[in-house]
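Colleague: Have a look at this one before I ask anything.
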Amino acid sequence: MSTRDLGPAKATRDRLVAAAIRLLEEGGPEAVQTRRVGAEIGASTMAVYTHFGGMKNLVVAVAREGFSRLARVMENVPATDDPVADMFELALAYRQYALENSQLYRVMFGLSVAGGHRLAPVDVDELMGTGRYPEGREAFALVYRGVERIIAAGDGAGGEPLTESLQLWSGAHGHVLLEFGGYFGPPEQSVHTVLVPLAEKLFAAMGHPPEAVRDSIRTVLARRGYA
């Protein structure tokens, strides 16, 4: 392949990934089929094989794009002089992305089979290293850096940043999965009854007085328009 072919080829790959994500969100994982993905961009079934070698690599590309989009959403959360408020903003942005892209989110974390394939798991050591899915590492790094800020601004009682980051991620991830199932009632109710108390406990454990944590979270809720 010549250098001048790389641009058009990448453009076609990007269109195929975008088409697969549209089909995924509109029709669920069973809608992601080689024929339908090709037809979405006016191409034949062979387009998937030509540009990805098959559906398995396309599903990987879909997941990687999902993590890229998540990272961009999280990067758009502005930093202030209140690291606790910033992290809660980040958690709300994460939750909103997951709820608005629920089918894609499931594929990103290997929770559903798309095109006959499930994304292989990535352990934390690989995520933090130089292995697969650098886009996922970029998203997680935003959480990690935010946790470092919270611990640095605390009273010294905070734990190790990686451990605290994984606990925070586990809480956010578990919350959105249960929300997918409708276990928490209306969305705003789930924020107040589940996500806020969970965040208060986690942030306080990182070395911040509970009342100060509540003030930071209340500031974010008011800014976001939560009653």
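Convention: chains lettered A, B, ... in structure tokens order; per-chain residue numbering from 1; ligands numbered from 1 as shown.
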Using only C-alpha atoms, what does the table of range 107-183 of chain A residues within 8 Å of range 16-29 of chain A look like, with each row giving the shortest atom pair and its distance in Å to one decimal, sorted by chain and ascending number, as a Markdown table?
Modeller:
| residue | atom | partner | partner_atom | distance |
| --- | --- | --- | --- | --- |
| A:Ser112 | CA | A:Pro29 | CA | 7.1 |
| A:Val113 | CA | A:Pro29 | CA | 6.2 |
| A:Ala114 | CA | A:Pro29 | CA | 4.4 |
| A:Gly115 | CA | A:Pro29 | CA | 6.7 |
Colleague: Neighbours of Leu195 in chain A within 10 Å (only C-alpha atoms; same-chain residues fewer than 3 positions away dropped), as a list in words?
Modeller: Phe88, Ala91, Leu92, Arg95, Gly171, Ala172, His175, Val176, Glu188, Gln189, Ser190, Val191, His192, Leu198, Ala199 and Glu200 of chain A
Colleague: Hey, can you spit out that residue selection with N, CA and C atoms as a compact mmCIF listing (two decimals), in the first residue's frame?
Modeller:
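Printed below is out-v6.txt as written:
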# COMPACT_ATOMS: atom_id res chain seq x y z
N PHE A 88 -15.88 14.51 41.33
CA PHE A 88 -17.30 14.18 41.26
C PHE A 88 -17.87 14.59 39.90
N ALA A 91 -16.95 11.86 37.64
CA ALA A 91 -17.81 10.70 37.84
C ALA A 91 -19.16 10.88 37.14
N LEU A 92 -19.72 12.08 37.23
CA LEU A 92 -20.99 12.35 36.55
C LEU A 92 -20.83 12.30 35.03
N ARG A 95 -20.62 8.64 34.10
CA ARG A 95 -21.96 8.03 34.17
C ARG A 95 -22.82 8.45 32.99
N GLY A 171 -16.77 1.66 41.81
CA GLY A 171 -18.04 2.24 42.24
C GLY A 171 -18.82 2.83 41.08
N ALA A 172 -18.14 3.59 40.23
CA ALA A 172 -18.82 4.21 39.08
C ALA A 172 -19.30 3.16 38.10
N HIS A 175 -22.20 1.19 39.50
CA HIS A 175 -23.40 2.03 39.54
C HIS A 175 -24.09 2.08 38.19
N VAL A 176 -23.31 2.31 37.12
CA VAL A 176 -23.97 2.44 35.82
C VAL A 176 -24.53 1.10 35.34
N GLU A 188 -32.20 10.83 38.27
CA GLU A 188 -31.80 11.82 39.28
C GLU A 188 -31.89 11.23 40.69
N GLN A 189 -32.86 10.33 40.88
CA GLN A 189 -32.99 9.69 42.19
C GLN A 189 -31.75 8.87 42.50
N SER A 190 -31.24 8.17 41.48
CA SER A 190 -30.08 7.30 41.70
C SER A 190 -28.85 8.12 42.07
N VAL A 191 -28.73 9.31 41.52
CA VAL A 191 -27.59 10.17 41.85
C VAL A 191 -27.63 10.53 43.33
N HIS A 192 -28.79 10.94 43.81
CA HIS A 192 -28.91 11.39 45.19
C HIS A 192 -28.86 10.23 46.20
N LEU A 198 -22.07 7.25 48.03
CA LEU A 198 -20.89 6.46 47.70
C LEU A 198 -19.67 7.36 47.53
N ALA A 199 -19.84 8.45 46.77
CA ALA A 199 -18.74 9.39 46.56
C ALA A 199 -18.29 10.01 47.88
N GLU A 200 -19.23 10.36 48.74
CA GLU A 200 -18.87 10.97 50.02
C GLU A 200 -17.97 10.04 50.83
Colleague: With a distance cut-off of 12 Å and only C-alpha atoms, select the neighbouring residues of Arg106 in chain A, excluding the residue or stretch itself and same-chain residues fewer than 2 positions from it, and output the selection as a tab-separated table (two decimals) with N, CA and C atoms, in the first residue's frame.
Modeller:
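Output (around-v4.tsv):
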chain	number	residue	atom	x	y	z
A	21	ILE	N	-20.85	1.34	15.25
A	21	ILE	CA	-21.34	1.92	16.50
A	21	ILE	C	-22.80	2.36	16.36
A	24	LEU	N	-24.89	-0.70	16.46
A	24	LEU	CA	-24.86	-1.23	17.83
A	24	LEU	C	-25.84	-0.49	18.72
A	25	GLU	N	-25.81	0.83	18.70
A	25	GLU	CA	-26.68	1.61	19.57
A	25	GLU	C	-28.14	1.55	19.14
A	28	GLY	N	-28.66	-2.97	18.95
A	28	GLY	CA	-28.03	-3.91	19.85
A	28	GLY	C	-26.92	-4.69	19.17
A	29	PRO	N	-26.20	-5.52	19.92
A	29	PRO	CA	-25.03	-6.22	19.37
A	29	PRO	C	-25.36	-7.14	18.20
A	59	VAL	N	-14.57	-5.19	15.92
A	59	VAL	CA	-15.11	-5.04	17.27
A	59	VAL	C	-14.06	-4.42	18.20
A	62	VAL	N	-14.03	-0.80	17.42
A	62	VAL	CA	-15.22	-0.17	18.00
A	62	VAL	C	-14.99	0.13	19.47
A	63	ALA	N	-14.45	-0.84	20.20
A	63	ALA	CA	-14.18	-0.63	21.63
A	63	ALA	C	-13.15	0.47	21.83
A	66	GLY	N	-14.72	3.68	21.38
A	66	GLY	CA	-15.55	3.99	22.55
A	66	GLY	C	-14.73	4.58	23.68
A	67	PHE	N	-13.54	4.01	23.93
A	67	PHE	CA	-12.68	4.56	24.97
A	67	PHE	C	-12.12	5.92	24.59
A	97	TYR	N	-21.90	9.45	30.01
A	97	TYR	CA	-21.42	8.81	28.79
A	97	TYR	C	-21.91	7.37	28.72
A	98	ALA	N	-21.79	6.65	29.83
A	98	ALA	CA	-22.22	5.25	29.84
A	98	ALA	C	-23.71	5.12	29.56
A	99	LEU	N	-24.53	5.97	30.18
A	99	LEU	CA	-25.97	5.88	29.99
A	99	LEU	C	-26.38	6.26	28.57
A	100	GLU	N	-25.67	7.22	27.98
A	100	GLU	CA	-26.01	7.66	26.62
A	100	GLU	C	-25.46	6.73	25.55
A	101	ASN	N	-24.53	5.86	25.91
A	101	ASN	CA	-23.92	4.93	24.96
A	101	ASN	C	-23.88	3.53	25.57
A	102	SER	N	-25.04	3.09	26.03
A	102	SER	CA	-25.07	1.88	26.85
A	102	SER	C	-24.62	0.63	26.10
A	103	GLN	N	-24.98	0.50	24.83
A	103	GLN	CA	-24.56	-0.68	24.08
A	103	GLN	C	-23.06	-0.66	23.82
A	104	LEU	N	-22.56	0.51	23.43
A	104	LEU	CA	-21.12	0.64	23.21
A	104	LEU	C	-20.36	0.40	24.50
A	108	MET	N	-17.29	-2.19	25.15
A	108	MET	CA	-15.98	-1.71	25.62
A	108	MET	C	-15.45	-2.55	26.76
A	109	PHE	N	-16.32	-3.01	27.63
A	109	PHE	CA	-15.88	-3.76	28.80
A	109	PHE	C	-16.12	-5.26	28.67
A	110	GLY	N	-16.36	-5.73	27.44
A	110	GLY	CA	-16.50	-7.16	27.21
A	110	GLY	C	-17.74	-7.76	27.83
A	111	LEU	N	-18.79	-6.94	27.99
A	111	LEU	CA	-20.01	-7.41	28.64
A	111	LEU	C	-21.05	-7.93	27.65
A	112	SER	N	-20.83	-7.71	26.38
A	112	SER	CA	-21.74	-8.24	25.38
A	112	SER	C	-20.95	-8.65	24.15
A	113	VAL	N	-21.57	-9.51	23.36
A	113	VAL	CA	-20.95	-10.05	22.14
A	113	VAL	C	-21.49	-9.27	20.95
A	114	ALA	N	-20.61	-8.67	20.18
A	114	ALA	CA	-21.00	-7.94	18.98
A	114	ALA	C	-20.33	-8.58	17.78
A	118	ARG	N	-16.43	-11.10	21.51
A	118	ARG	CA	-16.41	-10.38	22.78
A	118	ARG	C	-15.00	-9.85	23.01
A	119	LEU	N	-14.89	-8.60	23.45
A	119	LEU	CA	-13.58	-8.01	23.70
A	119	LEU	C	-12.87	-8.77	24.81
A	173	HIS	N	-18.45	2.18	37.83
A	173	HIS	CA	-18.80	1.13	36.87
A	173	HIS	C	-19.98	0.30	37.38
A	176	VAL	N	-23.31	2.31	37.12
A	176	VAL	CA	-23.97	2.44	35.82
A	176	VAL	C	-24.53	1.10	35.34
A	177	LEU	N	-23.88	0.00	35.68
A	177	LEU	CA	-24.42	-1.30	35.27
A	177	LEU	C	-25.76	-1.57	35.94
A	180	PHE	N	-28.34	0.53	34.28
A	180	PHE	CA	-28.79	-0.08	33.03
A	180	PHE	C	-29.99	-0.99	33.29
Colleague: Considering only C-alpha atoms, tabulate each residue of range 76-139 of chain A that lies at most 12 Å from range 152-158 of chain A along with its nearest interatomic pair and the corresponding distance in Å to one decimal; arrange the rows by chain and ascending residue number and present them as a Markdown table.
Modeller:
| residue | atom | partner | partner_atom | distance |
| --- | --- | --- | --- | --- |
| A:Asp81 | CA | A:Ala153 | CA | 10.0 |
| A:Asp82 | CA | A:Ala153 | CA | 8.9 |
| A:Pro83 | CA | A:Ala153 | CA | 7.7 |
| A:Val84 | CA | A:Ala153 | CA | 9.1 |
Colleague: Print the selection's residues with all heavy atoms to a file, as a PDB file, in the first residue's frame.
Modeller:
ATOM      1  N   ASP A  81      -9.855  24.616  41.577  1.00  0.00           N
ATOM      2  CA  ASP A  81      -8.998  24.479  42.746  1.00  0.00           C
ATOM      3  C   ASP A  81      -9.599  23.542  43.791  1.00  0.00           C
ATOM      4  O   ASP A  81      -9.099  23.454  44.915  1.00  0.00           O
ATOM      5  CB  ASP A  81      -8.705  25.849  43.366  1.00  0.00           C
ATOM      6  CG  ASP A  81      -9.979  26.579  43.799  1.00  0.00           C
ATOM      7  OD1 ASP A  81     -11.081  26.028  43.598  1.00  0.00           O
ATOM      8  OD2 ASP A  81      -9.859  27.709  44.324  1.00  0.00           O
ATOM      9  N   ASP A  82     -10.683  22.847  43.428  1.00  0.00           N
ATOM     10  CA  ASP A  82     -11.334  21.892  44.327  1.00  0.00           C
ATOM     11  C   ASP A  82     -11.252  20.500  43.711  1.00  0.00           C
ATOM     12  O   ASP A  82     -12.097  20.122  42.885  1.00  0.00           O
ATOM     13  CB  ASP A  82     -12.799  22.288  44.543  1.00  0.00           C
ATOM     14  CG  ASP A  82     -13.500  21.407  45.565  1.00  0.00           C
ATOM     15  OD1 ASP A  82     -12.993  20.307  45.861  1.00  0.00           O
ATOM     16  OD2 ASP A  82     -14.557  21.819  46.069  1.00  0.00           O
ATOM     17  N   PRO A  83     -10.237  19.702  44.063  1.00  0.00           N
ATOM     18  CA  PRO A  83     -10.075  18.384  43.440  1.00  0.00           C
ATOM     19  C   PRO A  83     -11.221  17.422  43.727  1.00  0.00           C
ATOM     20  O   PRO A  83     -11.508  16.548  42.900  1.00  0.00           O
ATOM     21  CB  PRO A  83      -8.754  17.876  44.023  1.00  0.00           C
ATOM     22  CG  PRO A  83      -8.563  18.629  45.292  1.00  0.00           C
ATOM     23  CD  PRO A  83      -9.177  19.978  45.054  1.00  0.00           C
ATOM     24  N   VAL A  84     -11.875  17.563  44.876  1.00  0.00           N
ATOM     25  CA  VAL A  84     -13.014  16.687  45.192  1.00  0.00           C
ATOM     26  C   VAL A  84     -14.183  16.985  44.258  1.00  0.00           C
ATOM     27  O   VAL A  84     -14.787  16.075  43.681  1.00  0.00           O
ATOM     28  CB  VAL A  84     -13.435  16.845  46.666  1.00  0.00           C
ATOM     29  CG1 VAL A  84     -14.746  16.110  46.933  1.00  0.00           C
ATOM     30  CG2 VAL A  84     -12.337  16.324  47.586  1.00  0.00           C
TER      31      VAL A  84
END
Colleague: With only C-alpha atoms as the counted atoms, please give the residues lying no more than 6 Å from range 42-57 of chain A, apart from itself and same-chain residues fewer than 6 positions off, as a PyMOL selection string.
Modeller: chain A and resi 34-35+117
Colleague: Just the alpha helix (DSSP H) stuff from chain A, please, per backbone DSSP, written as a PyMOL selection string.
Modeller: chain A and resi 3-27+34-40+46-52+55-75+83-100+102-108+124-128+134-153+161-180+187-190+196-205+210-224
Colleague: Find, counting only C-alpha atoms, the residue in A:Glu40, A:Asp86, A:Glu211, A:Glu65 that gets nearest to Leu142 in chain A.
Modeller: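 The answer is A:Asp86, which sits nearest to Leu142 in chain A.
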